[in-house]
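To start, the structure itself, in structure tokens.
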Amino acid sequence: MAEDFKRPDHERLVWRGVVEEYRSFLPVDENTPVITLGEGRTPLIYAPELSSLKSADVYLKYEGGNPTGSFKDRGMTLAISKAAEEGSQTVVCASTGNTSASAAAYAAKAGMTCAVLIPEGYIALGKLAQALIYGAKVMQVKGNFDQALQIVRELGEHSSKITVVNSINPYRIEGQKTGAFEIVDTLGVVPDYHFIPVGNAGNITAYWKGYKEYLKRGITASAPKMMGFQAAGAAPIVLGHVVEHPETVATAIRIGNPASWENAMQARDESGGAISSVTDGEILEAYRFLAAKESVFCEPASAASVAGLLKTEVKRGSVVVCVLTGHGLKDPDAAISQISVPEAVDATYDAICRELGV
Ligand SMILES: *Cc1c(COP(=O)(O)O)cnc(C)c1O
């Protein structure tokens, strides 16, 4: 009988999204309509091959497990919730892809109009498909991300009815800091090192903010060294100057003038970490390694964190977390360019045996 059935530990199976789960850390109150798709609680995967290579305990925070396939959902749930609270009907963003996919999904959930500006020809196919299918108005701009963001900033300044949901929107950073909370909550310890790709630098800023807040509230007693990695062809923070024409296969971090530049340097300096660069070759090597050796398929930009780890010396026995920011299926072209697509074989038992060598 139904009333006799008690699901064991039922409450712990229900995850209400990052805003409800971490409400006391976020700028929300009873007037905030929470727009959620159940984001967060992404897998923290132990990586035995990387661990043995580095003589450390290496974990992968797989943000491809979010509803739209990237970490952007953590910030978008809060940004769209606050936009709804403020009565906004339209949200707009410039995007290298994942922000637009996430904004389009959460705006649709909230019943809002979403407009996205993307750099023509430099957006991964999966991301473009997402923005379109969620119903966003997508405009391909004949320029790069930095130019698109400039236009979006102007739109936001000239109309109070339009909310900008790029990471210059402070709620994005607030929501994204929940990634740090989850890592600590899941591991039960604070990692010694936190490796992360750096594009617009919102995420490194957010993680550092999250770690610091746990520290301030006495939940933790330390914080990790923040180890950020830019692509060599788009490494303004490493070079110390704006890169006019950023180039990299890792389209999600193809950014020459990061919005959170100062904050990223602060995270680096306060934590005793570093921001360095990895070449496209190193990124793609880590990308293939992750899929083949750890069975984790991420997009190229995500692999920048692991590419960084592979060439960084970490203390023996330390706990290392690498954030894998987005799902591999976001960018199918990148995967296919790394392999050779097999030719068709005759549909016979013998032909298949010949191919298999059995
Ligand atoms: C947005 C994004 C990044 C870069 O994050 P920033 O906050 O801009 O530094 C890295 N990887 C993926 C998959 C992304 O979508």
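Starting from 1 in every chain, residues are counted up; chains themselves are A, B, ... following the order of the structure tokens, and ligands are numbered from 1 as listed.
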If you run DSSP over the backbone, which residues in segment 115-335 of chain A end up strand (DSSP E)? Put them as a ChimeraX atom specification. /A:115-119,137-141,162-164,193-197,225-231,274-278,319-324
Enumerate, in order of chain and increasing residue number, the residues of chain A with an atom no farther than 6 Å from ligand 1, each with its shortest atom pair and distance in Å to one decimal, counting only C-alpha atoms and all ligand atoms, as JSON lines.
```
{"residue": "A:Ser70", "atom": "CA", "partner": "ligand 1", "partner_atom_place_in_ligand_line": "15 (O)", "distance": 5.8}
{"residue": "A:Asn98", "atom": "CA", "partner": "ligand 1", "partner_atom_place_in_ligand_line": "15 (O)", "distance": 4.6}
{"residue": "A:Pro197", "atom": "CA", "partner": "ligand 1", "partner_atom_place_in_ligand_line": "10 (C)", "distance": 5.4}
{"residue": "A:Val198", "atom": "CA", "partner": "ligand 1", "partner_atom_place_in_ligand_line": "9 (O)", "distance": 3.8}
{"residue": "A:Gly199", "atom": "CA", "partner": "ligand 1", "partner_atom_place_in_ligand_line": "9 (O)", "distance": 3.6}
{"residue": "A:Asn200", "atom": "CA", "partner": "ligand 1", "partner_atom_place_in_ligand_line": "8 (O)", "distance": 3.4}
{"residue": "A:Ala201", "atom": "CA", "partner": "ligand 1", "partner_atom_place_in_ligand_line": "9 (O)", "distance": 3.3}
{"residue": "A:Gly202", "atom": "CA", "partner": "ligand 1", "partner_atom_place_in_ligand_line": "7 (O)", "distance": 3.5}
{"residue": "A:Asn203", "atom": "CA", "partner": "ligand 1", "partner_atom_place_in_ligand_line": "7 (O)", "distance": 3.7}
{"residue": "A:Ala252", "atom": "CA", "partner": "ligand 1", "partner_atom_place_in_ligand_line": "14 (C)", "distance": 4.8}
{"residue": "A:Ile253", "atom": "CA", "partner": "ligand 1", "partner_atom_place_in_ligand_line": "4 (C)", "distance": 5.2}
{"residue": "A:Ala301", "atom": "CA", "partner": "ligand 1", "partner_atom_place_in_ligand_line": "11 (N)", "distance": 4.8}
{"residue": "A:Ser302", "atom": "CA", "partner": "ligand 1", "partner_atom_place_in_ligand_line": "11 (N)", "distance": 4.9}
{"residue": "A:Thr325", "atom": "CA", "partner": "ligand 1", "partner_atom_place_in_ligand_line": "13 (C)", "distance": 4.4}
{"residue": "A:Gly326", "atom": "CA", "partner": "ligand 1", "partner_atom_place_in_ligand_line": "13 (C)", "distance": 4.0}
```
Would you give me, as a Markdown table, each residue of segment 293-315 of chain A having an atom within 10 Å of an atom of segment 331-349 of chain A, along with its shortest atom pair and that distance in Å to one decimal, using only C-alpha atoms and sorting by chain and residue number?
```
| residue | atom | partner | partner_atom | distance |
| --- | --- | --- | --- | --- |
| A:Phe297 | CA | A:Ala335 | CA | 9.3 |
| A:Cys298 | CA | A:Asp331 | CA | 9.0 |
| A:Glu299 | CA | A:Asp331 | CA | 6.3 |
| A:Pro300 | CA | A:Ala334 | CA | 7.4 |
```
May I have the residues within 8 Å of Leu37 of chain A as a PyMOL selection string, using only C-alpha atoms and disregarding those fewer than 4 positions away in the same chain? chain A and resi 17+67+77+106
Save the residues we just selected, all heavy atoms, as a PDB file, in the first residue's frame?
```pdb
ATOM      1  N   GLY A  17      18.461  22.624  -7.184  1.00  0.00           N
ATOM      2  CA  GLY A  17      19.191  23.656  -7.930  1.00  0.00           C
ATOM      3  C   GLY A  17      20.025  24.495  -6.976  1.00  0.00           C
ATOM      4  O   GLY A  17      19.811  24.483  -5.757  1.00  0.00           O
ATOM      5  N   PRO A  67      22.436  21.194 -16.752  1.00  0.00           N
ATOM      6  CA  PRO A  67      21.312  21.033 -17.684  1.00  0.00           C
ATOM      7  C   PRO A  67      21.590  21.450 -19.130  1.00  0.00           C
ATOM      8  O   PRO A  67      21.111  20.801 -20.049  1.00  0.00           O
ATOM      9  CB  PRO A  67      20.207  21.905 -17.080  1.00  0.00           C
ATOM     10  CG  PRO A  67      20.543  21.985 -15.643  1.00  0.00           C
ATOM     11  CD  PRO A  67      22.031  21.906 -15.531  1.00  0.00           C
ATOM     12  N   THR A  77      20.999  30.686 -13.553  1.00  0.00           N
ATOM     13  CA  THR A  77      19.791  30.501 -12.737  1.00  0.00           C
ATOM     14  C   THR A  77      19.578  31.729 -11.853  1.00  0.00           C
ATOM     15  O   THR A  77      18.455  32.223 -11.719  1.00  0.00           O
ATOM     16  CB  THR A  77      19.846  29.198 -11.897  1.00  0.00           C
ATOM     17  OG1 THR A  77      18.654  29.118 -11.110  1.00  0.00           O
ATOM     18  CG2 THR A  77      21.052  29.138 -10.984  1.00  0.00           C
ATOM     19  N   TYR A 106      17.264  29.348 -19.752  1.00  0.00           N
ATOM     20  CA  TYR A 106      16.663  29.909 -18.532  1.00  0.00           C
ATOM     21  C   TYR A 106      15.663  31.015 -18.860  1.00  0.00           C
ATOM     22  O   TYR A 106      14.653  31.167 -18.174  1.00  0.00           O
ATOM     23  CB  TYR A 106      17.759  30.384 -17.560  1.00  0.00           C
ATOM     24  CG  TYR A 106      18.416  29.219 -16.854  1.00  0.00           C
ATOM     25  CD1 TYR A 106      19.444  28.498 -17.460  1.00  0.00           C
ATOM     26  CD2 TYR A 106      17.980  28.797 -15.608  1.00  0.00           C
ATOM     27  CE1 TYR A 106      20.022  27.408 -16.838  1.00  0.00           C
ATOM     28  CE2 TYR A 106      18.559  27.694 -14.971  1.00  0.00           C
ATOM     29  CZ  TYR A 106      19.580  27.006 -15.595  1.00  0.00           C
ATOM     30  OH  TYR A 106      20.142  25.915 -14.973  1.00  0.00           O
TER      31      TYR A 106
END
```
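Of the residues listed (A:Leu324, A:Val28, A:Ala286, A:Ala101), A:Val28 shows the shortest atom-to-atom separation from Glu86 of chain A; distances use only C-alpha atoms.
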Quick one: residues within 7 Å of Arg16 of chain A, only C-alpha atoms counted, chain neighbours fewer than 3 positions away excluded, as a list in words?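 Listing them by chain and then by number gives Glu20, Glu21 and Gly38 of chain A.
Using only C-alpha atoms, the protein and nucleic acid residues lying no more than 12 Å from Ser52 of chain A, apart from those fewer than 4 places from it along its own chain, are Tyr46, Ala47, Pro48, Ala56, Asp57, Val58, Tyr59, Lys293, Glu294, Leu310, Arg316, Gly317 and Ser318 of chain A.
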Atom CA of Ile80 of chain A to atom CA of Met227 of chain A, straight-line distance in Å: 29.4 Å
